[in-house]
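Asker: This is the structure I want to talk about, given as structure tokens.
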Amino acid sequence: GAISLAALGYALLISAITRTTEQASLLGGAGNLILAAIGGIMVPKFVMPEAMQQLTNVSPMAWGLQGFLDVLLRNGSVSDVLFEVAALCAFGLVTLAIAAWVLARRAES
């Protein structure tokens with residue numbers, strides 16, 4: 001649920017701030033690549049330099065990956081992934097709120 005909320009919020013934000021399909025495809029694709037690279041999806045976090053390892057903490061993809069690793073590989077429980085779930089939900093809600101604000105401002109003008 002938390003990953004879906006984050007993905008939907010991100011997608012709706014991209015949809016709200018772009019005006020054409022081409023812009024949405026470019027921004028969405030490039031944004032996903034950047035978040036994946038920063039989040040340790042493309043290169044495992046443990047092989048990154050220390051500064052990059054710290055940067056992974058700001059990527060929602062890193063939160064999702066860490067949660068999946070905790071549950072699937074480390075036999076973690078719900079309490080082990082509460083931070084990741086909360087971070088993903090917060091990201092999703094913030095991006096949804098920004099998207100709603102952008103669309104409301106666009107409707108006013």
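Naming scheme: A, B, ... for chains in displayed order of the structure tokens; residues 1 onward per chain; ligands 1 onward as shown.
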Please provide the set of residues having any atom within 10 Å of Gly67 (chain A), restricted to only C-alpha atoms, with same-chain residues fewer than 4 positions apart removed, written as a list in words.
Answerer: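 Everything that qualifies: Ile3, Met61, Ala62, Trp63, Val71, Leu72, Leu73, Arg74, Gly76, Ser77, Val78, Asp80, Val81, Leu82, Phe83, Glu84 and Val85 of chain A.
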Asker: Write out as a PyMOL selection string the residues lying within 12 Å of Gly9 (chain A), counting only C-alpha atoms and excluding same-chain residues fewer than 4 positions away.
Answerer: chain A and resi 2-5+13-16+60+88-100
Asker: Enumerate the residues of chain A with a DSSP assignment of alpha helix (DSSP H), computed from the backbone, and present them as a VMD selection string.
Answerer: chain A and resid 2 to 17 21 to 39 50 to 55 60 to 72 82 to 108
Asker: Could you state the separation of CA of Tyr10 (chain A) and CA of Leu27 (chain A) in Å, given to one decimal place?
Answerer: 10.9 Å
Asker: Name all residues at most 12 Å from Ser59 (chain A) (count only C-alpha atoms; drop same-chain ones fewer than 6 positions away) and give them as an mmCIF file with all heavy atoms, in the first residue's frame.
Answerer:
```cif
data_model
loop_
_atom_site.group_PDB
_atom_site.id
_atom_site.type_symbol
_atom_site.label_atom_id
_atom_site.label_comp_id
_atom_site.auth_asym_id
_atom_site.auth_seq_id
_atom_site.Cartn_x
_atom_site.Cartn_y
_atom_site.Cartn_z
ATOM 1 N N ALA A 6 3.051 6.078 -2.779
ATOM 2 C CA ALA A 6 4.205 6.866 -3.222
ATOM 3 C C ALA A 6 4.265 6.933 -4.744
ATOM 4 O O ALA A 6 4.509 8.005 -5.318
ATOM 5 C CB ALA A 6 5.493 6.278 -2.656
ATOM 6 N N GLY A 31 13.253 11.096 -13.995
ATOM 7 C CA GLY A 31 13.103 11.108 -12.534
ATOM 8 C C GLY A 31 13.238 9.716 -11.936
ATOM 9 O O GLY A 31 13.891 9.524 -10.912
ATOM 10 N N ASN A 32 12.634 8.732 -12.602
ATOM 11 C CA ASN A 32 12.750 7.353 -12.127
ATOM 12 C C ASN A 32 14.183 6.866 -12.180
ATOM 13 O O ASN A 32 14.654 6.188 -11.256
ATOM 14 C CB ASN A 32 11.851 6.417 -12.939
ATOM 15 C CG ASN A 32 10.445 6.397 -12.422
ATOM 16 O OD1 ASN A 32 10.195 6.599 -11.249
ATOM 17 N ND2 ASN A 32 9.508 6.159 -13.311
ATOM 18 N N LEU A 33 14.890 7.190 -13.242
ATOM 19 C CA LEU A 33 16.296 6.780 -13.346
ATOM 20 C C LEU A 33 17.146 7.422 -12.255
ATOM 21 O O LEU A 33 17.991 6.759 -11.638
ATOM 22 C CB LEU A 33 16.860 7.130 -14.720
ATOM 23 C CG LEU A 33 16.431 6.227 -15.863
ATOM 24 C CD1 LEU A 33 16.935 6.775 -17.193
ATOM 25 C CD2 LEU A 33 16.939 4.811 -15.650
ATOM 26 N N ILE A 34 16.916 8.690 -12.012
ATOM 27 C CA ILE A 34 17.689 9.387 -10.976
ATOM 28 C C ILE A 34 17.378 8.818 -9.594
ATOM 29 O O ILE A 34 18.287 8.532 -8.808
ATOM 30 C CB ILE A 34 17.418 10.906 -11.029
ATOM 31 C CG1 ILE A 34 18.022 11.488 -12.301
ATOM 32 C CG2 ILE A 34 17.960 11.606 -9.783
ATOM 33 C CD1 ILE A 34 17.571 12.895 -12.618
ATOM 34 N N LEU A 35 16.094 8.614 -9.299
ATOM 35 C CA LEU A 35 15.722 8.055 -7.996
ATOM 36 C C LEU A 35 16.247 6.627 -7.826
ATOM 37 O O LEU A 35 16.644 6.228 -6.734
ATOM 38 C CB LEU A 35 14.206 8.091 -7.806
ATOM 39 C CG LEU A 35 13.592 9.476 -7.603
ATOM 40 C CD1 LEU A 35 12.068 9.393 -7.608
ATOM 41 C CD2 LEU A 35 14.093 10.115 -6.326
ATOM 42 N N ALA A 36 16.250 5.859 -8.927
ATOM 43 C CA ALA A 36 16.779 4.494 -8.863
ATOM 44 C C ALA A 36 18.286 4.501 -8.630
ATOM 45 O O ALA A 36 18.807 3.718 -7.829
ATOM 46 C CB ALA A 36 16.444 3.736 -10.142
ATOM 47 N N ALA A 37 18.986 5.393 -9.314
ATOM 48 C CA ALA A 37 20.442 5.466 -9.141
ATOM 49 C C ALA A 37 20.793 5.917 -7.730
ATOM 50 O O ALA A 37 21.665 5.334 -7.076
ATOM 51 C CB ALA A 37 21.042 6.423 -10.168
ATOM 52 N N ILE A 38 20.106 6.943 -7.253
ATOM 53 C CA ILE A 38 20.361 7.442 -5.902
ATOM 54 C C ILE A 38 19.928 6.419 -4.852
ATOM 55 O O ILE A 38 20.570 6.274 -3.816
ATOM 56 C CB ILE A 38 19.619 8.780 -5.673
ATOM 57 C CG1 ILE A 38 20.233 9.875 -6.515
ATOM 58 C CG2 ILE A 38 19.648 9.178 -4.212
ATOM 59 C CD1 ILE A 38 19.444 11.168 -6.502
ATOM 60 N N GLY A 39 18.843 5.687 -5.128
ATOM 61 C CA GLY A 39 18.255 4.800 -4.140
ATOM 62 C C GLY A 39 18.898 3.442 -3.999
ATOM 63 O O GLY A 39 18.458 2.629 -3.198
ATOM 64 N N GLY A 40 19.924 3.145 -4.770
ATOM 65 C CA GLY A 40 20.589 1.859 -4.636
ATOM 66 C C GLY A 40 19.943 0.745 -5.439
ATOM 67 O O GLY A 40 20.232 -0.427 -5.217
ATOM 68 N N ILE A 41 19.090 1.094 -6.368
ATOM 69 C CA ILE A 41 18.444 0.103 -7.213
ATOM 70 C C ILE A 41 19.406 -0.357 -8.311
ATOM 71 O O ILE A 41 19.505 -1.543 -8.604
ATOM 72 C CB ILE A 41 17.147 0.664 -7.852
ATOM 73 C CG1 ILE A 41 16.189 1.189 -6.799
ATOM 74 C CG2 ILE A 41 16.491 -0.364 -8.763
ATOM 75 C CD1 ILE A 41 15.632 0.171 -5.852
ATOM 76 N N LYS A 45 23.834 -0.273 -2.474
ATOM 77 C CA LYS A 45 24.271 0.778 -1.551
ATOM 78 C C LYS A 45 25.644 0.490 -0.951
ATOM 79 O O LYS A 45 26.478 1.379 -0.824
ATOM 80 C CB LYS A 45 23.216 0.929 -0.447
ATOM 81 C CG LYS A 45 23.519 1.988 0.567
ATOM 82 C CD LYS A 45 22.392 2.072 1.591
ATOM 83 C CE LYS A 45 22.723 3.048 2.690
ATOM 84 N NZ LYS A 45 21.652 3.124 3.683
ATOM 85 N N MET A 52 27.616 8.894 -1.198
ATOM 86 C CA MET A 52 26.471 8.385 -1.951
ATOM 87 C C MET A 52 25.573 7.526 -1.068
ATOM 88 O O MET A 52 24.354 7.540 -1.219
ATOM 89 C CB MET A 52 26.937 7.573 -3.162
ATOM 90 C CG MET A 52 27.456 8.403 -4.314
ATOM 91 S SD MET A 52 26.205 9.482 -5.027
ATOM 92 C CE MET A 52 25.061 8.298 -5.718
ATOM 93 N N GLN A 53 26.172 6.772 -0.157
ATOM 94 C CA GLN A 53 25.364 5.957 0.756
ATOM 95 C C GLN A 53 24.456 6.848 1.599
ATOM 96 O O GLN A 53 23.310 6.486 1.874
ATOM 97 C CB GLN A 53 26.261 5.109 1.651
ATOM 98 C CG GLN A 53 26.923 3.965 0.924
ATOM 99 C CD GLN A 53 27.737 3.087 1.848
ATOM 100 O OE1 GLN A 53 27.531 3.079 3.057
ATOM 101 N NE2 GLN A 53 28.670 2.340 1.274
ATOM 102 N N LEU A 65 13.036 -0.396 -1.277
ATOM 103 C CA LEU A 65 13.997 -1.503 -1.378
ATOM 104 C C LEU A 65 14.387 -2.011 0.001
ATOM 105 O O LEU A 65 14.412 -3.220 0.250
ATOM 106 C CB LEU A 65 15.239 -1.054 -2.146
ATOM 107 C CG LEU A 65 16.370 -2.067 -2.270
ATOM 108 C CD1 LEU A 65 15.919 -3.302 -3.044
ATOM 109 C CD2 LEU A 65 17.585 -1.433 -2.926
ATOM 110 N N GLN A 66 14.668 -1.092 0.910
ATOM 111 C CA GLN A 66 15.060 -1.496 2.263
ATOM 112 C C GLN A 66 13.942 -2.272 2.949
ATOM 113 O O GLN A 66 14.183 -3.286 3.610
ATOM 114 C CB GLN A 66 15.437 -0.270 3.103
ATOM 115 C CG GLN A 66 16.008 -0.606 4.446
ATOM 116 C CD GLN A 66 17.299 -1.405 4.337
ATOM 117 O OE1 GLN A 66 18.167 -1.088 3.544
ATOM 118 N NE2 GLN A 66 17.418 -2.454 5.113
ATOM 119 N N GLU A 84 10.118 2.777 6.944
ATOM 120 C CA GLU A 84 10.010 2.804 5.487
ATOM 121 C C GLU A 84 8.571 3.022 5.038
ATOM 122 O O GLU A 84 8.304 3.792 4.117
ATOM 123 C CB GLU A 84 10.573 1.515 4.870
ATOM 124 C CG GLU A 84 12.078 1.394 4.943
ATOM 125 C CD GLU A 84 12.598 0.824 6.259
ATOM 126 O OE1 GLU A 84 11.774 0.473 7.138
ATOM 127 O OE2 GLU A 84 13.827 0.734 6.407
ATOM 128 N N ALA A 87 7.691 6.655 5.768
ATOM 129 C CA ALA A 87 8.363 7.553 4.826
ATOM 130 C C ALA A 87 7.701 7.505 3.459
ATOM 131 O O ALA A 87 7.483 8.548 2.819
ATOM 132 C CB ALA A 87 9.842 7.192 4.724
ATOM 133 N N LEU A 88 7.362 6.320 2.986
ATOM 134 C CA LEU A 88 6.699 6.191 1.687
ATOM 135 C C LEU A 88 5.305 6.813 1.712
ATOM 136 O O LEU A 88 4.907 7.489 0.752
ATOM 137 C CB LEU A 88 6.618 4.719 1.274
ATOM 138 C CG LEU A 88 7.937 4.109 0.812
ATOM 139 C CD1 LEU A 88 7.838 2.585 0.770
ATOM 140 C CD2 LEU A 88 8.347 4.656 -0.544
ATOM 141 N N PHE A 91 5.785 10.603 1.690
ATOM 142 C CA PHE A 91 6.162 11.030 0.342
ATOM 143 C C PHE A 91 4.932 11.046 -0.567
ATOM 144 O O PHE A 91 4.708 12.009 -1.307
ATOM 145 C CB PHE A 91 7.240 10.095 -0.223
ATOM 146 C CG PHE A 91 7.624 10.399 -1.644
ATOM 147 C CD1 PHE A 91 8.528 11.407 -1.934
ATOM 148 C CD2 PHE A 91 7.083 9.671 -2.693
ATOM 149 C CE1 PHE A 91 8.879 11.695 -3.242
ATOM 150 C CE2 PHE A 91 7.430 9.941 -4.002
ATOM 151 C CZ PHE A 91 8.327 10.953 -4.279
#
```
